[in-house]
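Q: Got a structure for you, questions after.
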Amino acid sequence: MDRGTVGSAQSGRLLVEVREEGASAVVTPAGELDHHTADLLREPIEDCLDRGFARLVVDCSQLEFCDSTGLNVLLGARLKAEAAGGGVHLAGMLPVVSRVFEITGAEAVFTLHDTLEEALSEPGPDGSEAGKPEAGPGD
């Protein structure tokens with residue numbers, strides 16, 4: 001299992017780390033996601049999609065705040081990932097962030113998971129575990 005960090009971006013209020021977990025890209029924003037920090041999340045997500053990761057798991061367990069701009073970044077990522085045959089899975093949302101998704105109805109268009117481990121173990125559309133590479137011939 002590859003757990004190496006692929007990249008990170010940081011400002012004073014938001015740190016974003018990206019790593020590969022099998023067939024998924026795990027994006028972990030920590031801090032405040034708002035108008036001033038949204039590009040720090042948008043750019044690594046778009047990079048993951050450009051590199052062929054159609055399944056994104058956003059570990060929200062360290063996300064302390066999300067406004068409408070941040071929500072729009074995630075909605076845009078969802079559209080692009082679904083167009084590529086994948087999706088965006090949100091994991092471990094704190095209540096303050098979860099409330100934004102409830103109020104706006106955005107929770108209905110994302111796959112939500114209580115934990116990152118749960119998001120990574122959910123089978124992909126082909127039945128393979130999303131966080132693990134598919135077995136090759138002879139495995």
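Each chain in the structure tokens gets a letter, A, B and so on, in the order shown; residues start at 1 in every chain, and ligands are counted from 1 in the order they appear.
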So that I can see what lies close to segment 86-101 of chain A, please list as a PyMOL selection string the residues with an atom at most 6 Å from it, counting only C-alpha atoms and leaving out residues fewer than 5 positions away in the same chain.
A: chain A and resi 54-61+65-66+78+81+106-107+111-116
Q: Please save N, CA and C atoms of the selected residues as a PDB file, in the first residue's frame.
A:
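Contents of again15.pdb, freshly written:
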```pdb
ATOM      1  N   ALA A  54      -9.769   9.297 -10.438  1.00  0.00           N
ATOM      2  CA  ALA A  54     -11.183   9.656 -10.551  1.00  0.00           C
ATOM      3  C   ALA A  54     -11.886   9.507  -9.209  1.00  0.00           C
ATOM      4  N   ARG A  55     -11.260   8.773  -8.285  1.00  0.00           N
ATOM      5  CA  ARG A  55     -11.843   8.583  -6.953  1.00  0.00           C
ATOM      6  C   ARG A  55     -11.023   9.378  -5.953  1.00  0.00           C
ATOM      7  N   LEU A  56     -11.674  10.392  -5.374  1.00  0.00           N
ATOM      8  CA  LEU A  56     -11.020  11.234  -4.383  1.00  0.00           C
ATOM      9  C   LEU A  56     -11.688  11.013  -3.036  1.00  0.00           C
ATOM     10  N   VAL A  57     -10.859  10.864  -2.020  1.00  0.00           N
ATOM     11  CA  VAL A  57     -11.361  10.779  -0.654  1.00  0.00           C
ATOM     12  C   VAL A  57     -10.843  12.013   0.066  1.00  0.00           C
ATOM     13  N   VAL A  58     -11.759  12.833   0.553  1.00  0.00           N
ATOM     14  CA  VAL A  58     -11.385  14.033   1.285  1.00  0.00           C
ATOM     15  C   VAL A  58     -11.555  13.738   2.768  1.00  0.00           C
ATOM     16  N   ASP A  59     -10.429  13.691   3.464  1.00  0.00           N
ATOM     17  CA  ASP A  59     -10.427  13.453   4.907  1.00  0.00           C
ATOM     18  C   ASP A  59     -10.696  14.790   5.593  1.00  0.00           C
ATOM     19  N   CYS A  60     -11.924  14.972   6.041  1.00  0.00           N
ATOM     20  CA  CYS A  60     -12.359  16.250   6.624  1.00  0.00           C
ATOM     21  C   CYS A  60     -12.166  16.315   8.131  1.00  0.00           C
ATOM     22  N   SER A  61     -11.491  15.344   8.714  1.00  0.00           N
ATOM     23  CA  SER A  61     -11.384  15.262  10.169  1.00  0.00           C
ATOM     24  C   SER A  61     -10.602  16.418  10.792  1.00  0.00           C
ATOM     25  N   PHE A  65     -13.486  24.645   9.475  1.00  0.00           N
ATOM     26  CA  PHE A  65     -14.462  25.599   8.956  1.00  0.00           C
ATOM     27  C   PHE A  65     -14.555  25.430   7.454  1.00  0.00           C
ATOM     28  N   CYS A  66     -15.754  25.580   6.917  1.00  0.00           N
ATOM     29  CA  CYS A  66     -15.951  25.534   5.467  1.00  0.00           C
ATOM     30  C   CYS A  66     -17.087  26.484   5.119  1.00  0.00           C
ATOM     31  N   ARG A  78     -16.469  17.133  -7.427  1.00  0.00           N
ATOM     32  CA  ARG A  78     -17.408  16.023  -7.577  1.00  0.00           C
ATOM     33  C   ARG A  78     -17.860  15.881  -9.026  1.00  0.00           C
ATOM     34  N   ALA A  81     -14.898  14.524 -11.083  1.00  0.00           N
ATOM     35  CA  ALA A  81     -14.611  13.127 -10.755  1.00  0.00           C
ATOM     36  C   ALA A  81     -15.683  12.199 -11.323  1.00  0.00           C
ATOM     37  N   ALA A 106     -26.098  19.814   0.418  1.00  0.00           N
ATOM     38  CA  ALA A 106     -24.972  19.212  -0.309  1.00  0.00           C
ATOM     39  C   ALA A 106     -24.661  17.800   0.168  1.00  0.00           C
ATOM     40  N   GLU A 107     -25.075  17.461   1.385  1.00  0.00           N
ATOM     41  CA  GLU A 107     -24.808  16.115   1.889  1.00  0.00           C
ATOM     42  C   GLU A 107     -25.470  15.052   1.011  1.00  0.00           C
ATOM     43  N   THR A 111     -20.924  11.151  -1.169  1.00  0.00           N
ATOM     44  CA  THR A 111     -20.893   9.944  -0.362  1.00  0.00           C
ATOM     45  C   THR A 111     -20.143  10.296   0.907  1.00  0.00           C
ATOM     46  N   LEU A 112     -20.838  10.185   2.044  1.00  0.00           N
ATOM     47  CA  LEU A 112     -20.264  10.560   3.332  1.00  0.00           C
ATOM     48  C   LEU A 112     -19.895   9.316   4.129  1.00  0.00           C
ATOM     49  N   HIS A 113     -18.780   9.394   4.830  1.00  0.00           N
ATOM     50  CA  HIS A 113     -18.303   8.287   5.658  1.00  0.00           C
ATOM     51  C   HIS A 113     -17.917   8.829   7.023  1.00  0.00           C
ATOM     52  N   ASP A 114     -18.138   8.033   8.048  1.00  0.00           N
ATOM     53  CA  ASP A 114     -17.775   8.459   9.399  1.00  0.00           C
ATOM     54  C   ASP A 114     -16.267   8.555   9.575  1.00  0.00           C
ATOM     55  N   THR A 115     -15.526   7.660   8.932  1.00  0.00           N
ATOM     56  CA  THR A 115     -14.069   7.625   9.100  1.00  0.00           C
ATOM     57  C   THR A 115     -13.372   7.497   7.747  1.00  0.00           C
ATOM     58  N   LEU A 116     -12.111   7.846   7.727  1.00  0.00           N
ATOM     59  CA  LEU A 116     -11.296   7.671   6.530  1.00  0.00           C
ATOM     60  C   LEU A 116     -11.175   6.189   6.182  1.00  0.00           C
TER      61      LEU A 116
END
```
Q: Run DSSP on the backbone of this structure and report the residues of segment 54-87 of chain A it assigns to alpha helix (DSSP H), as a PyMOL selection string.
A: chain A and resi 68-83
Q: Enumerate as a count of residues only all residues of segment 36-106 of chain A assigned to strand (DSSP E) by DSSP on the backbone, naming them with the chain letters and numbers the document uses.
A: 14
Q: Neighbours of Gly76 of chain A within 12 Å (only C-alpha atoms; same-chain residues fewer than 3 positions away dropped), as a PyMOL selection string?
A: chain A and resi 38+41-43+45-46+49+69-73+79-83+87-88+106+109-110
Q: Output N, CA, C and O atoms of each residue in that selection to a file, as a compact mmCIF listing (two decimals), in the first residue's frame.
A:
```
# COMPACT_ATOMS: atom_id res chain seq x y z
N ALA A 38 -9.45 28.76 -0.58
CA ALA A 38 -10.07 27.75 -1.46
C ALA A 38 -9.13 27.23 -2.54
O ALA A 38 -9.14 26.04 -2.85
N LEU A 41 -7.00 24.21 -1.82
CA LEU A 41 -7.64 22.90 -1.95
C LEU A 41 -7.95 22.60 -3.41
O LEU A 41 -7.74 21.48 -3.87
N ARG A 42 -8.41 23.61 -4.15
CA ARG A 42 -8.79 23.40 -5.55
C ARG A 42 -7.61 22.87 -6.39
O ARG A 42 -7.77 21.93 -7.16
N GLU A 43 -6.45 23.49 -6.24
CA GLU A 43 -5.31 23.12 -7.08
C GLU A 43 -4.84 21.68 -6.87
O GLU A 43 -4.66 20.95 -7.85
N ILE A 45 -6.62 19.17 -5.77
CA ILE A 45 -7.69 18.29 -6.25
C ILE A 45 -7.65 18.20 -7.77
O ILE A 45 -7.74 17.11 -8.35
N GLU A 46 -7.52 19.34 -8.43
CA GLU A 46 -7.45 19.32 -9.90
C GLU A 46 -6.23 18.56 -10.39
O GLU A 46 -6.28 17.85 -11.40
N LEU A 49 -7.04 14.87 -10.25
CA LEU A 49 -7.91 14.51 -11.36
C LEU A 49 -7.12 14.48 -12.67
O LEU A 49 -7.30 13.57 -13.48
N THR A 69 -17.61 29.08 -0.50
CA THR A 69 -16.54 28.96 -1.51
C THR A 69 -15.89 27.59 -1.41
O THR A 69 -15.64 26.94 -2.43
N GLY A 70 -15.62 27.14 -0.20
CA GLY A 70 -15.05 25.81 -0.01
C GLY A 70 -15.99 24.73 -0.48
O GLY A 70 -15.58 23.75 -1.12
N LEU A 71 -17.26 24.89 -0.18
CA LEU A 71 -18.27 23.94 -0.64
C LEU A 71 -18.29 23.88 -2.16
O LEU A 71 -18.37 22.79 -2.74
N ASN A 72 -18.18 25.02 -2.82
CA ASN A 72 -18.16 25.04 -4.28
C ASN A 72 -16.93 24.34 -4.85
O ASN A 72 -17.02 23.71 -5.91
N VAL A 73 -15.80 24.41 -4.18
CA VAL A 73 -14.60 23.67 -4.62
C VAL A 73 -14.90 22.18 -4.61
O VAL A 73 -14.61 21.47 -5.58
N LEU A 79 -18.19 16.99 -9.67
CA LEU A 79 -18.63 16.93 -11.06
C LEU A 79 -17.53 16.39 -11.97
O LEU A 79 -17.78 15.55 -12.84
N LYS A 80 -16.30 16.86 -11.78
CA LYS A 80 -15.18 16.40 -12.60
C LYS A 80 -14.86 14.93 -12.35
O LYS A 80 -14.59 14.17 -13.28
N ALA A 81 -14.90 14.52 -11.08
CA ALA A 81 -14.61 13.13 -10.76
C ALA A 81 -15.68 12.20 -11.32
O ALA A 81 -15.37 11.14 -11.87
N GLU A 82 -16.94 12.60 -11.22
CA GLU A 82 -18.01 11.77 -11.76
C GLU A 82 -17.95 11.69 -13.28
O GLU A 82 -18.23 10.65 -13.87
N ALA A 83 -17.55 12.77 -13.93
CA ALA A 83 -17.39 12.76 -15.39
C ALA A 83 -16.30 11.78 -15.80
O ALA A 83 -16.34 11.23 -16.90
N GLY A 87 -15.75 9.58 -8.21
CA GLY A 87 -16.55 10.38 -7.29
C GLY A 87 -15.69 10.96 -6.20
O GLY A 87 -14.50 10.68 -6.11
N VAL A 88 -16.33 11.77 -5.38
CA VAL A 88 -15.68 12.38 -4.22
C VAL A 88 -16.36 11.84 -2.98
O VAL A 88 -17.58 11.91 -2.84
N ALA A 106 -26.10 19.81 0.42
CA ALA A 106 -24.97 19.21 -0.31
C ALA A 106 -24.66 17.80 0.17
O ALA A 106 -24.09 17.01 -0.57
N VAL A 109 -25.53 14.94 -2.22
CA VAL A 109 -24.84 14.68 -3.49
C VAL A 109 -23.43 14.10 -3.28
O VAL A 109 -22.76 13.79 -4.26
N PHE A 110 -23.01 13.95 -2.04
CA PHE A 110 -21.71 13.35 -1.74
C PHE A 110 -21.91 12.02 -1.05
O PHE A 110 -22.93 11.80 -0.39
```
Q: Choose the residue, out of A:Asp39, A:Glu118, A:Pro44, A:Leu74, that has the smallest atom-to-atom separation from Val27 of chain A; count only C-alpha atoms.
A: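 Using only C-alpha atoms, the shortest distance to Val27 of chain A belongs to A:Pro44.
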Q: Work out how far atom CA of Pro29 of chain A is from atom CA of Glu17 of chain A, in Å to one decimal.
A: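 These two atoms are separated by 6.5 Å.
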